[in-house]
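**Q** I'm passing along final_6.tsv; it holds TSV, C-alpha atoms.
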chain	number	residue	atom	x	y	z
W	15	MET	CA	-4.08	-15.59	-0.21
W	16	ASN	CA	-2.85	-15.52	-3.80
W	17	THR	CA	-0.89	-18.49	-5.12
W	18	ASP	CA	0.89	-17.39	-8.28
W	19	ASN	CA	3.02	-19.10	-10.89
W	20	SER	CA	5.05	-15.97	-11.53
W	21	ILE	CA	6.35	-13.03	-9.55
W	22	GLN	CA	6.18	-9.49	-10.79
W	23	ALA	CA	7.19	-6.56	-8.64
W	24	ASP	CA	7.49	-3.33	-10.54
W	25	THR	CA	7.68	-0.52	-8.02
W	26	GLY	CA	7.97	2.07	-10.75
W	27	SER	CA	4.49	1.54	-12.15
W	28	GLY	CA	2.97	4.55	-10.38
W	29	GLU	CA	0.46	2.32	-8.62
W	30	THR	CA	-0.85	3.71	-5.32
W	31	PHE	CA	-0.84	1.49	-2.26
W	32	ILE	CA	-2.72	2.22	0.96
W	33	GLU	CA	-0.52	1.66	4.00
W	34	VAL	CA	-2.42	1.53	7.30
W	35	ASP	CA	-0.68	1.15	10.64
W	36	HIS	CA	-0.82	2.34	14.23
W	37	PHE	CA	0.97	2.37	17.55
W	38	GLN	CA	-0.33	2.65	21.09
W	39	MET	CA	0.66	2.58	24.74
W	40	CYS	CA	-1.46	1.73	27.75
W	41	LYS	CA	-1.96	4.11	30.64
W	42	TYR	CA	0.72	3.61	33.28
W	43	ASN	CA	0.01	0.60	35.51
W	44	GLN	CA	-2.75	-0.66	33.20
W	45	HIS	CA	-2.34	-3.90	31.26
W	46	SER	CA	-5.34	-3.57	28.98
W	47	PRO	CA	-5.57	-0.73	26.41
W	48	GLY	CA	-8.59	1.55	26.65
W	49	ASP	CA	-8.04	2.56	23.03
W	50	VAL	CA	-8.82	0.10	20.23
W	51	PHE	CA	-7.64	0.27	16.62
W	52	LEU	CA	-9.22	-2.03	14.00
W	53	SER	CA	-8.53	-2.32	10.27
W	54	GLU	CA	-9.86	-4.57	7.57
W	55	LYS	CA	-10.05	-4.79	3.81
W	56	ASN	CA	-13.47	-5.83	2.59
W	57	PRO	CA	-12.91	-8.49	-0.12
W	58	ALA	CA	-16.43	-7.96	-1.46
W	59	ASP	CA	-16.00	-4.37	-2.59
W	60	GLY	CA	-12.32	-3.57	-2.01
W	61	HIS	CA	-12.96	-0.94	0.69
W	62	THR	CA	-10.30	-0.44	3.36
W	63	ILE	CA	-11.92	0.42	6.69
W	64	THR	CA	-10.15	1.47	9.85
W	65	THR	CA	-11.48	2.68	13.19
W	66	LEU	CA	-9.89	4.16	16.31
W	67	SER	CA	-12.11	4.14	19.40
W	68	ASP	CA	-11.25	5.59	22.80
W	69	GLY	CA	-13.12	4.10	25.75
W	70	LEU	CA	-13.89	6.44	28.65
W	71	GLY	CA	-11.33	6.00	31.40
W	72	SER	CA	-8.86	3.14	31.15
W	73	GLY	CA	-8.44	-0.56	31.79
W	74	ILE	CA	-10.77	-3.46	31.06
W	75	LYS	CA	-14.02	-1.48	31.07
W	76	ALA	CA	-12.68	1.08	28.61
W	77	ASP	CA	-11.23	-1.73	26.48
W	78	VAL	CA	-14.58	-3.54	26.26
W	79	LEU	CA	-16.52	-0.42	25.30
W	80	ALA	CA	-13.91	0.73	22.80
W	81	THR	CA	-13.79	-2.74	21.25
W	82	LEU	CA	-17.58	-2.79	20.96
W	83	THR	CA	-17.59	0.67	19.37
W	84	ALA	CA	-14.76	-0.02	16.93
W	85	THR	CA	-16.23	-3.38	15.93
W	86	MET	CA	-19.69	-1.96	15.31
W	87	ALA	CA	-18.32	0.98	13.33
W	88	THR	CA	-16.14	-1.22	11.15
W	89	LYS	CA	-18.85	-3.81	10.51
W	90	PHE	CA	-21.58	-1.25	9.81
W	91	ILE	CA	-19.45	0.54	7.24
W	92	ALA	CA	-18.45	-2.79	5.68
W	93	ALA	CA	-22.16	-3.65	5.42
W	94	ASP	CA	-22.68	-0.42	3.42
W	95	ILE	CA	-24.80	1.22	6.11
W	96	PRO	CA	-24.58	5.01	5.58
W	97	ALA	CA	-21.90	6.48	7.83
W	98	LYS	CA	-24.20	8.88	9.67
W	99	ARG	CA	-26.82	6.22	10.27
W	100	ALA	CA	-24.13	3.83	11.53
W	101	ALA	CA	-22.84	6.48	13.95
W	102	GLU	CA	-26.34	7.16	15.25
W	103	ILE	CA	-26.89	3.44	15.92
W	104	ILE	CA	-23.56	3.16	17.72
W	105	MET	CA	-24.12	6.18	19.90
W	106	ASN	CA	-27.62	5.12	20.88
W	107	THR	CA	-26.29	1.66	21.73
W	108	LEU	CA	-23.56	2.81	24.08
W	109	PRO	CA	-24.40	4.14	27.55
W	110	VAL	CA	-23.69	7.67	28.73
W	111	CYS	CA	-21.59	8.51	31.77
W	112	LYS	CA	-24.07	9.79	34.37
W	113	ASP	CA	-21.53	12.04	36.07
W	114	ARG	CA	-20.04	13.67	32.97
W	115	GLY	CA	-22.95	13.35	30.54
W	116	ILE	CA	-20.71	12.08	27.72
W	117	SER	CA	-20.54	8.89	25.74
W	118	TYR	CA	-18.53	5.98	27.07
W	119	ALA	CA	-16.53	5.76	23.81
W	120	THR	CA	-15.41	8.06	21.03
W	121	PHE	CA	-14.44	7.03	17.51
W	122	THR	CA	-12.85	8.02	14.21
W	123	THR	CA	-13.76	5.82	11.26
W	124	VAL	CA	-12.01	5.99	7.89
W	125	ASP	CA	-13.57	4.30	4.85
W	126	ILE	CA	-11.40	4.21	1.71
W	127	GLU	CA	-12.91	3.17	-1.60
W	128	PRO	CA	-10.85	1.34	-4.26
W	129	ASP	CA	-10.62	4.59	-6.27
W	130	ALA	CA	-9.02	6.30	-3.21
W	131	THR	CA	-12.12	8.28	-2.26
W	132	VAL	CA	-11.93	8.72	1.52
W	133	HIS	CA	-14.89	9.09	3.90
W	134	ILE	CA	-14.20	10.04	7.52
W	135	LEU	CA	-16.60	10.13	10.44
W	136	GLU	CA	-15.49	11.61	13.77
W	137	TYR	CA	-17.10	11.70	17.17
W	138	ASP	CA	-15.31	13.36	20.10
W	139	ASN	CA	-11.77	12.31	19.11
W	140	PRO	CA	-9.22	15.05	18.34
W	141	PRO	CA	-9.59	16.21	14.71
W	142	TYR	CA	-7.55	14.29	12.16
W	143	LEU	CA	-4.67	15.80	10.18
W	144	LEU	CA	-4.51	15.55	6.38
W	145	VAL	CA	-1.03	16.11	4.96
W	146	ARG	CA	-0.51	16.68	1.22
W	147	GLN	CA	2.84	17.66	-0.27
W	148	ASN	CA	4.19	18.03	3.27
W	149	THR	CA	1.56	20.67	4.08
W	150	ALA	CA	-1.50	20.48	6.32
W	151	ILE	CA	-4.75	20.60	4.35
W	152	ASP	CA	-7.84	22.00	6.04
W	153	PRO	CA	-10.66	19.58	5.16
W	154	VAL	CA	-14.26	20.65	4.66
W	155	LYS	CA	-16.39	19.00	7.34
W	156	GLU	CA	-20.13	18.64	7.56
W	157	ASP	CA	-21.41	18.71	11.13
W	158	THR	CA	-24.56	16.88	12.13
W	159	GLU	CA	-26.13	17.33	15.55
W	160	PHE	CA	-28.67	14.93	16.94
W	161	GLU	CA	-30.12	14.07	20.32
W	162	ARG	CA	-29.26	10.74	21.87
W	163	LYS	CA	-32.18	8.53	22.77
W	164	ASP	CA	-31.17	7.88	26.35
W	165	LYS	CA	-34.18	7.86	28.62
W	166	ASN	CA	-32.06	7.77	31.77
W	167	THR	CA	-30.19	10.95	30.98
W	168	ALA	CA	-31.49	14.40	31.85
W	169	PRO	CA	-31.05	16.73	30.16
W	170	LYS	CA	-30.90	14.99	26.80
W	171	VAL	CA	-27.39	14.52	25.46
W	172	LYS	CA	-26.64	16.12	22.10
W	173	ALA	CA	-23.99	14.59	19.90
W	174	ILE	CA	-22.11	16.27	17.09
W	175	LEU	CA	-20.71	14.14	14.27
W	176	HIS	CA	-18.13	15.47	11.84
W	177	TYR	CA	-18.25	13.99	8.35
W	178	SER	CA	-15.78	14.70	5.56
W	179	THR	CA	-14.84	13.18	2.22
W	180	TYR	CA	-12.06	13.82	-0.25
W	181	ALA	CA	-10.18	12.19	-3.13
W	182	ALA	CA	-6.79	11.01	-1.89
W	183	LYS	CA	-3.69	11.64	-3.98
W	184	PRO	CA	-0.38	9.77	-4.04
W	185	GLY	CA	1.74	10.94	-1.12
W	186	ASP	CA	-1.22	11.89	1.09
W	187	ARG	CA	-1.08	11.03	4.77
W	188	LEU	CA	-4.03	10.89	7.13
W	189	ILE	CA	-3.13	10.98	10.84
W	190	PHE	CA	-5.62	10.52	13.67
W	191	PHE	CA	-5.15	9.92	17.38
W	192	SER	CA	-6.80	9.65	20.78
W	193	ASP	CA	-6.79	12.44	23.38
W	194	GLY	CA	-3.93	10.66	25.13
W	195	VAL	CA	-1.79	12.44	22.54
W	196	THR	CA	-3.25	15.94	22.83
W	197	GLN	CA	-3.57	15.84	26.64
W	198	SER	CA	-0.09	14.47	27.22
W	199	GLY	CA	2.05	16.64	29.49
W	200	MET	CA	-0.99	18.29	31.07
W	201	GLY	CA	-0.03	20.08	34.26
W	202	THR	CA	3.66	20.36	33.36
W	203	PRO	CA	5.43	23.72	32.95
W	204	ALA	CA	5.93	23.04	29.24
W	205	PHE	CA	2.31	22.08	28.54
W	206	PRO	CA	0.05	23.17	31.42
W	207	PHE	CA	-3.05	22.48	29.31
W	208	GLY	CA	-1.63	19.50	27.46
W	209	TRP	CA	0.39	19.14	24.26
W	210	GLY	CA	-2.64	20.19	22.22
W	211	VAL	CA	-3.80	19.62	18.66
W	212	GLU	CA	-1.74	22.34	17.02
W	213	ASN	CA	1.51	21.29	18.70
W	214	ALA	CA	0.86	17.70	17.67
W	215	TYR	CA	0.22	18.82	14.09
W	216	THR	CA	3.45	20.82	14.04
W	217	TYR	CA	5.43	17.85	15.35
W	218	ILE	CA	3.94	15.51	12.72
W	219	LEU	CA	4.68	17.92	9.87
W	220	ASP	CA	8.26	18.35	11.10
W	221	ARG	CA	8.74	14.56	11.21
W	222	ILE	CA	7.45	14.19	7.66
W	223	ARG	CA	9.65	17.01	6.35
W	224	ASP	CA	12.68	15.50	8.11
W	225	LYS	CA	12.01	12.08	6.53
W	226	LEU	CA	9.88	12.37	3.42
W	227	ASP	CA	9.37	8.61	3.04
W	228	ILE	CA	8.58	7.91	6.69
W	229	SER	CA	6.27	4.91	6.89
W	230	ALA	CA	2.84	4.91	8.51
W	231	ARG	CA	4.11	2.62	11.22
W	232	GLU	CA	7.18	4.74	12.02
W	233	LEU	CA	5.21	7.99	12.08
W	234	ALA	CA	2.54	6.56	14.39
W	235	HIS	CA	5.25	5.21	16.70
W	236	SER	CA	7.02	8.59	16.73
W	237	VAL	CA	3.85	10.50	17.71
W	238	VAL	CA	3.04	8.13	20.57
W	239	GLN	CA	6.63	8.13	21.82
W	240	GLU	CA	6.70	11.95	21.84
W	241	ALA	CA	3.44	12.08	23.82
W	242	CYS	CA	4.87	9.55	26.28
W	243	ILE	CA	7.94	11.77	26.77
W	244	HIS	CA	5.63	14.64	27.76
W	245	ASP	CA	4.20	12.38	30.47
W	246	SER	CA	7.72	11.63	31.75
W	247	PHE	CA	7.46	8.07	30.31
W	248	LEU	CA	4.52	7.34	32.65
W	249	PRO	CA	1.47	7.76	30.36
W	250	LYS	CA	-1.42	9.39	32.18
W	251	ASP	CA	-3.87	7.97	29.63
W	252	ASP	CA	-3.94	5.44	26.82
W	253	ILE	CA	-2.03	6.93	23.88
W	254	SER	CA	-2.85	5.85	20.31
W	255	CYS	CA	-2.10	7.09	16.83
W	256	GLY	CA	-3.18	5.71	13.45
W	257	VAL	CA	-1.76	6.67	10.06
W	258	VAL	CA	-2.98	6.04	6.52
W	259	TYR	CA	-0.35	6.65	3.83
W	260	PHE	CA	-1.04	6.62	0.08
W	261	ARG	CA	2.16	5.78	-1.80
W	262	ASN	CA	3.93	3.49	-4.24
W	263	PRO	CA	4.03	-0.11	-2.99
W	264	ARG	CA	7.06	-1.57	-1.22
W	265	ASP	CA	7.85	-5.12	-2.29
W	266	THR	CA	9.65	-7.97	-0.54
W	267	LEU	CA	10.74	-11.34	-1.91
W	268	ILE	CA	11.46	-14.20	0.48
W	269	LEU	CA	12.98	-17.49	-0.63
W	270	THR	CA	12.63	-20.44	1.72
W	271	GLY	CA	13.48	-24.04	1.00
W	272	PRO	CA	15.34	-25.63	-1.93
W	273	PRO	CA	13.41	-26.22	-5.20
W	274	LEU	CA	12.08	-29.71	-5.81
W	275	ASN	CA	14.21	-30.04	-8.93
W	276	PRO	CA	17.88	-28.98	-8.53
W	277	LYS	CA	17.77	-27.85	-12.16
W	278	SER	CA	15.54	-24.98	-11.00
W	279	ASP	CA	18.33	-23.48	-8.86
W	280	GLU	CA	19.55	-21.29	-11.71
W	281	ALA	CA	16.06	-19.96	-12.48
W	282	LEU	CA	15.52	-19.22	-8.79
W	283	SER	CA	18.76	-17.26	-8.56
W	284	GLY	CA	17.82	-15.29	-11.68
W	285	LEU	CA	14.45	-14.36	-10.18
W	286	PHE	CA	16.17	-13.33	-6.97
W	287	LYS	CA	18.74	-11.20	-8.78
W	288	ARG	CA	16.15	-9.35	-10.91
W	289	PHE	CA	13.69	-8.62	-8.10
W	290	ALA	CA	13.25	-4.90	-7.36
W	291	GLY	CA	12.66	-4.65	-3.61
W	292	LYS	CA	13.74	-6.16	-0.31
W	293	LYS	CA	15.24	-9.66	-0.57
W	294	VAL	CA	15.21	-12.28	2.17
W	295	ILE	CA	16.50	-15.87	2.31
W	296	ALA	CA	15.14	-18.12	5.07
W	297	GLY	CA	16.97	-21.43	5.29
W	298	GLY	CA	20.60	-22.54	5.32
W	299	THR	CA	20.28	-24.83	2.30
W	300	THR	CA	18.53	-22.10	0.30
W	301	ALA	CA	21.24	-19.59	1.26
W	302	ASN	CA	23.98	-21.95	0.14
W	303	ILE	CA	22.23	-22.50	-3.21
W	304	MET	CA	21.93	-18.74	-3.79
W	305	ALA	CA	25.55	-18.14	-2.75
W	306	ARG	CA	26.73	-20.78	-5.21
W	307	GLU	CA	24.56	-19.57	-8.08
W	308	LEU	CA	25.36	-15.87	-7.50
W	309	SER	CA	29.07	-16.49	-6.80
W	310	THR	CA	29.02	-14.83	-3.39
W	311	LYS	CA	29.52	-15.82	0.25
W	312	VAL	CA	27.31	-16.23	3.30
W	313	THR	CA	28.85	-15.01	6.57
W	314	VAL	CA	27.25	-15.68	9.93
W	315	ASN	CA	26.78	-12.49	11.97
W	316	MET	CA	27.74	-13.07	15.62
W	317	ASP	CA	26.94	-9.54	16.87
W	318	ASN	CA	23.41	-10.18	18.18
W	319	LEU	CA	23.22	-13.72	19.50
W	320	ASP	CA	19.87	-14.86	20.87
W	321	PRO	CA	19.36	-18.01	22.96
W	322	ASP	CA	16.14	-18.94	21.13
W	323	ILE	CA	16.66	-17.78	17.54
W	324	PRO	CA	19.56	-18.85	15.30
W	325	PRO	CA	21.81	-15.97	14.23
W	326	TYR	CA	21.26	-14.19	10.93
W	327	SER	CA	23.90	-13.97	8.22
W	328	ASP	CA	25.22	-11.42	5.76
W	329	MET	CA	25.21	-11.90	2.01
W	330	GLU	CA	25.84	-9.33	-0.71
W	331	GLY	CA	22.65	-8.21	-2.45
W	332	THR	CA	20.41	-9.61	0.32
W	333	ASP	CA	18.62	-7.68	3.07
W	334	LEU	CA	18.38	-10.64	5.46
W	335	VAL	CA	19.63	-14.22	5.53
W	336	CYS	CA	18.30	-16.37	8.35
W	337	GLU	CA	17.62	-19.94	9.41
W	338	GLY	CA	14.32	-21.30	8.13
W	339	ILE	CA	11.81	-23.24	10.20
W	340	ILE	CA	12.60	-22.04	13.74
W	341	THR	CA	12.89	-18.40	12.66
W	342	LEU	CA	9.71	-18.47	10.56
W	343	GLY	CA	7.86	-20.09	13.45
W	344	ALA	CA	8.97	-17.25	15.73
W	345	VAL	CA	7.91	-14.71	13.09
W	346	ALA	CA	4.42	-16.25	13.01
W	347	ASP	CA	4.20	-15.98	16.82
W	348	ILE	CA	5.25	-12.31	16.82
W	349	LEU	CA	2.81	-11.41	14.04
W	350	GLU	CA	0.00	-13.22	15.82
W	351	SER	CA	0.69	-11.48	19.14
W	352	GLY	CA	0.86	-8.06	17.48
W	353	THR	CA	4.01	-7.05	19.38
W	354	THR	CA	6.66	-5.02	17.60
W	355	SER	CA	9.88	-6.33	19.13
W	356	PRO	CA	9.48	-8.70	22.11
W	357	LEU	CA	11.46	-7.41	25.07
W	358	GLY	CA	13.41	-5.17	22.69
W	359	ARG	CA	15.22	-8.19	21.24
W	360	ASP	CA	17.17	-7.82	18.02
W	361	ASN	CA	17.33	-11.14	16.22
W	362	ALA	CA	16.53	-12.69	12.85
W	363	ALA	CA	12.83	-13.08	13.69
W	364	THR	CA	12.28	-9.48	14.84
W	365	ARG	CA	14.22	-8.19	11.82
W	366	LEU	CA	12.08	-10.24	9.45
W	367	VAL	CA	8.91	-8.98	11.16
W	368	ASP	CA	10.13	-5.40	10.63
W	369	ILE	CA	10.70	-6.11	6.94
W	370	PHE	CA	7.23	-7.63	6.58
W	371	ARG	CA	5.49	-4.81	8.41
W	372	ASN	CA	7.29	-2.18	6.33
W	373	SER	CA	6.34	-3.97	3.09
W	374	ASP	CA	3.09	-3.90	1.13
W	375	ARG	CA	3.42	-6.76	-1.33
W	376	ILE	CA	5.20	-9.86	-0.11
W	377	TYR	CA	6.21	-12.64	-2.49
W	378	PHE	CA	7.07	-16.06	-1.07
W	379	VAL	CA	8.91	-18.60	-3.19
W	380	VAL	CA	8.69	-21.90	-1.31
W	381	GLY	CA	10.91	-24.80	-2.27
W	382	THR	CA	9.20	-28.18	-2.01
W	383	ARG	CA	12.22	-30.47	-1.69
W	384	ILE	CA	12.07	-32.41	1.59
W	385	ASN	CA	14.71	-31.23	4.01
W	386	GLU	CA	16.04	-34.24	5.91
W	387	ALA	CA	16.91	-32.08	8.92
W	388	HIS	CA	13.23	-31.51	9.59
W	389	GLN	CA	12.55	-35.21	9.89
W	390	ASP	CA	14.74	-35.42	12.99
W	391	PRO	CA	12.59	-36.78	15.87
W	392	ASN	CA	14.59	-34.62	18.27
W	393	MET	CA	13.22	-31.42	16.70
W	394	PRO	CA	10.74	-29.54	18.98
W	395	GLU	CA	7.23	-30.97	19.18
W	396	GLY	CA	4.67	-29.08	17.10
W	397	LEU	CA	7.31	-27.74	14.72
W	398	GLU	CA	5.34	-27.33	11.51
W	399	ILE	CA	6.72	-28.02	8.09
W	400	ARG	CA	7.76	-25.01	6.03
W	401	ARG	CA	4.68	-24.89	3.83
W	402	ASN	CA	2.25	-24.70	6.75
W	403	ILE	CA	4.26	-22.00	8.51
W	404	VAL	CA	4.33	-19.91	5.34
W	405	LYS	CA	0.56	-20.30	5.00
W	406	LYS	CA	0.09	-19.17	8.60
W	407	ILE	CA	2.36	-16.14	8.13
W	408	SER	CA	0.58	-15.27	4.87
W	409	GLY	CA	-2.82	-15.40	6.54
W	410	LEU	CA	-1.68	-13.16	9.39
W	411	LEU	CA	-0.07	-10.65	7.04
W	412	GLN	CA	-3.25	-10.37	5.00
W	413	GLU	CA	-5.91	-10.44	7.69
W	414	LYS	CA	-4.16	-8.59	10.51
W	415	TYR	CA	-1.77	-6.30	8.66
W	416	LEU	CA	-3.63	-5.76	5.35
W	417	LYS	CA	-0.66	-6.90	3.25
W	418	GLU	CA	-0.88	-8.31	-0.26
W	419	VAL	CA	0.71	-11.77	-0.27
W	420	HIS	CA	1.64	-14.07	-3.15
W	421	ILE	CA	3.02	-17.60	-2.88
W	422	GLN	CA	4.83	-19.59	-5.55
W	423	TYR	CA	5.93	-23.19	-5.03
W	424	MET	CA	8.98	-24.65	-6.76
Would it be possible to restate this file's structure as structure tokens?
**A**
Amino acid sequence: MNTDNSIQADTGSGETFIEVDHFQMCKYNQHSPGDVFLSEKNPADGHTITTLSDGLGSGIKADVLATLTATMATKFIAADIPAKRAAEIIMNTLPVCKDRGISYATFTTVDIEPDATVHILEYDNPPYLLVRQNTAIDPVKEDTEFERKDKNTAPKVKAILHYSTYAAKPGDRLIFFSDGVTQSGMGTPAFPFGWGVENAYTYILDRIRDKLDISARELAHSVVQEACIHDSFLPKDDISCGVVYFRNPRDTLILTGPPLNPKSDEALSGLFKRFAGKKVIAGGTTANIMARELSTKVTVNMDNLDPDIPPYSDMEGTDLVCEGIITLGAVADILESGTTSPLGRDNAATRLVDIFRNSDRIYFVVGTRINEAHQDPNMPEGLEIRRNIVKKISGLLQEKYLKEVHIQYM
């Protein structure tokens, strides 16, 4: 977590940001995903590492094996073990299905260096798609075949690893998915042999051309939703898609809490006005200060009332105005759970989560004046003060969603 004394957000600098996100659905009637997607940014060397593993079958057993595979792959790469050696260790660790003679888990691992050099290792997942300037690029892959050291398997099982590397350019997208995507619709008149790799590629390219700035999260969601449609909304397998998008960073500023010194109100409003990016105000007192300083009005929006979350408001020049502590607490819960929109609810908390997840650099300005309302003994037990909630949200955004977070106290 970075705690800064100043906020700078110049989205026109030409800087390239790596956006990583995914979406997945469980097989129908299963409550545990057999596909696992892990991402982390190694603070030691700046590498961004992400892995998608597909466990054989579905349910708890597939989940455990996929989690083991994805965790090993991510940790081995982070430890600077050569990719091919790491894959060999993983594949000789996992058991082989006696009936089908194949590994219990597949994987695609993407390792991105700070200079945007990308290394990709694939085993038995559908081939990834590299999109540059809205066109599919055919990557050069090096195939390595080796025999698994499984004494209980006869004949010996041969594994083929696909390794590729390239220098990413601004605007590049890397899309990879499990076979729940390519096999969706299998047995239907439209796709008797499944949707297939080429059809999936065509769909992805069409989505990108229709919306040139589509985010990694939205594109991954769209691919999985389309595959689910092919299965008549009853997924026959776990469906997962991951996307890496190299682009200019998207910035968000969130003000929460009044400044310690009322004389700082004018400086805060100036910072808010000059900021180039999404702007959020969390807290009624803070909203009233900004409305006064910017000579505008705050209007409560009564269209989407929620029994648990206070309504959001509208204010000119602001993307979201919401209540502070309760809403931020709900945001922390949603981010921690990893859900996108609980029960499809549209409220201030889910809207703020959407803004956070579609942002890359998030700047918090936290006022340190004590709010008397939060000293009320009738407030819910365990309600944390603003500073602690912001710290929790910041940690989740960095560790779980690979966001860059800055905090400034006033």
**Q** Which residue gives the smallest distance to W:Glu127 among W:Ile63, W:Met316, W:Ala97, W:Leu366, with all atoms listed in the file counted?
**A**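 Closest candidate: W:Ile63.
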**Q** Any idea what's packed within 12 Å of stretch 213-218 of chain W, counting all atoms listed in the file, ignoring anything in its chain fewer than 6 positions away? Could you give it as JSON, numbers by chain?
**A** {"W": [140, 141, 142, 143, 144, 145, 148, 149, 150, 151, 152, 187, 188, 189, 190, 191, 192, 193, 194, 195, 196, 197, 198, 199, 204, 205, 207, 224, 225, 226, 228, 230, 232, 233, 234, 235, 236, 237, 238, 239, 240, 241, 244, 255, 257]}
**Q** Where's the centre, and what are the edge lengths in Å to one decimal, of a box along x, y and z enclosing all listed atoms of stretch 40-54 of chain W padded 6 Å per side, as lines of an AutoDock Vina configuration file?
**A**
center_x = -4.6
center_y = -0.2
center_z = 21.5
size_x = 22.6
size_y = 20.7
size_z = 39.9
**Q** When you look at W:Glu54 with a cut-off of 7 Å (counting all atoms listed in the file), what residues show up, excluding the ones that are within fewer than 5 positions of it in the same chain? I need them as a list in words.
**A**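 So, after excluding close chain neighbours, the residues are Thr62, Ile63, Thr64 and Leu416 of chain W.
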**Q** Restricted to C-alpha atoms, what would the selected residues look like written as an mmCIF file, in the frame of the given file?
**A**
data_model
loop_
_atom_site.group_PDB
_atom_site.id
_atom_site.type_symbol
_atom_site.label_atom_id
_atom_site.label_comp_id
_atom_site.auth_asym_id
_atom_site.auth_seq_id
_atom_site.Cartn_x
_atom_site.Cartn_y
_atom_site.Cartn_z
ATOM 1 C CA THR W 62 -10.300 -0.440 3.360
ATOM 2 C CA ILE W 63 -11.920 0.420 6.690
ATOM 3 C CA THR W 64 -10.150 1.470 9.850
ATOM 4 C CA LEU W 416 -3.630 -5.760 5.350
#
**Q** Would you mind telling me which residue in W:Ala119, W:Met424, W:Ile103, W:Ala305 lies nearest to W:Val379 when using all atoms listed in the file?
**A**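 For W:Val379, the nearest of the given residues is W:Met424.
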**Q** Which is closest to W:Ser254 among W:Asp129, W:Asp68, W:Asp59, W:Asp77, if we use only C-alpha atoms?
**A** W:Asp68
**Q** Which polymer residues have any atom within 9 Å of an atom of W:Glu136, counting only C-alpha atoms, with same-chain residues fewer than 4 positions away left out, as an mmCIF file with C-alpha atoms, keeping the file's coordinate frame?
**A**
data_model
loop_
_atom_site.group_PDB
_atom_site.id
_atom_site.type_symbol
_atom_site.label_atom_id
_atom_site.label_comp_id
_atom_site.auth_asym_id
_atom_site.auth_seq_id
_atom_site.Cartn_x
_atom_site.Cartn_y
_atom_site.Cartn_z
ATOM 1 C CA ALA W 101 -22.840 6.480 13.950
ATOM 2 C CA THR W 120 -15.410 8.060 21.030
ATOM 3 C CA PHE W 121 -14.440 7.030 17.510
ATOM 4 C CA THR W 122 -12.850 8.020 14.210
ATOM 5 C CA THR W 123 -13.760 5.820 11.260
ATOM 6 C CA VAL W 124 -12.010 5.990 7.890
ATOM 7 C CA PRO W 140 -9.220 15.050 18.340
ATOM 8 C CA PRO W 141 -9.590 16.210 14.710
ATOM 9 C CA TYR W 142 -7.550 14.290 12.160
ATOM 10 C CA ILE W 174 -22.110 16.270 17.090
ATOM 11 C CA LEU W 175 -20.710 14.140 14.270
ATOM 12 C CA HIS W 176 -18.130 15.470 11.840
ATOM 13 C CA TYR W 177 -18.250 13.990 8.350
ATOM 14 C CA SER W 178 -15.780 14.700 5.560
#
**Q** If I take atom CA of W:Leu267 and atom CA of W:Glu29, how far is one from the other in Å, to one decimal?
**A**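 About the pair atom CA of W:Leu267 and atom CA of W:Glu29: they are 18.4 Å apart.
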**Q** Every residue with an atom at most 9 Å from (25.5, -15.8, -8.9) (file coordinates; all atoms listed in the file) is what I'm after, so could you write them as a PyMOL selection string?
**A** chain W and resi 280+283-284+287+304-310
**Q** Work out how far atom CA of W:Gly298 is from atom CA of W:Gln412, in Å to one decimal.
**A**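 Separation of atom CA of W:Gln412 and atom CA of W:Gly298: 26.8 Å.
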**Q** So the first atom is atom CA of W:Phe260 and the second is atom CA of W:Lys183; what is the distance between them in Å, to one decimal place?
**A**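 Atom-to-atom, atom CA of W:Phe260 to atom CA of W:Lys183, that is 7.0 Å.
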**Q** When you look at W:Ile339 with a cut-off of 10 Å (counting all atoms listed in the file), what residues show up, excluding the ones that are within fewer than 4 positions of it in the same chain? I need them as a PDB file with C-alpha atoms, in the coordinates of the input.
**A**
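Full text of around.pdb as output:
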ATOM      1  CA  THR W 270      12.630 -20.440   1.720  1.00  0.00           C
ATOM      2  CA  GLY W 271      13.480 -24.040   1.000  1.00  0.00           C
ATOM      3  CA  ALA W 296      15.140 -18.120   5.070  1.00  0.00           C
ATOM      4  CA  GLY W 297      16.970 -21.430   5.290  1.00  0.00           C
ATOM      5  CA  GLY W 343       7.860 -20.090  13.450  1.00  0.00           C
ATOM      6  CA  ALA W 344       8.970 -17.250  15.730  1.00  0.00           C
ATOM      7  CA  VAL W 345       7.910 -14.710  13.090  1.00  0.00           C
ATOM      8  CA  HIS W 388      13.230 -31.510   9.590  1.00  0.00           C
ATOM      9  CA  LEU W 397       7.310 -27.740  14.720  1.00  0.00           C
ATOM     10  CA  GLU W 398       5.340 -27.330  11.510  1.00  0.00           C
ATOM     11  CA  ILE W 399       6.720 -28.020   8.090  1.00  0.00           C
ATOM     12  CA  ARG W 400       7.760 -25.010   6.030  1.00  0.00           C
ATOM     13  CA  ARG W 401       4.680 -24.890   3.830  1.00  0.00           C
ATOM     14  CA  ILE W 403       4.260 -22.000   8.510  1.00  0.00           C
ATOM     15  CA  VAL W 404       4.330 -19.910   5.340  1.00  0.00           C
TER      16      VAL W 404
END
**Q** For each of W:Leu108, W:Ile295, W:Leu82, W:Val335, take the minimum atom-to-atom distance to W:Thr65, counting all atoms listed in the file, then give the residue where this is smallest.
**A**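 Nearest candidate to W:Thr65 out of W:Leu108, W:Ile295, W:Leu82, W:Val335: W:Leu82.
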**Q** Looking at W:Thr266, W:Ser246, W:Thr341, W:Thr179, which one is nearest to W:Gly201, with distances taken over only C-alpha atoms?
**A**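 Checking each candidate against W:Gly201, we get W:Ser246 as the closest.
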**Q** Could you check which of W:Tyr180, W:Thr83, W:Pro206, W:Asp251 is closest to W:Asn43, using only C-alpha atoms?
**A**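 Counting only C-alpha atoms, the residue closest to W:Asn43 is W:Asp251.
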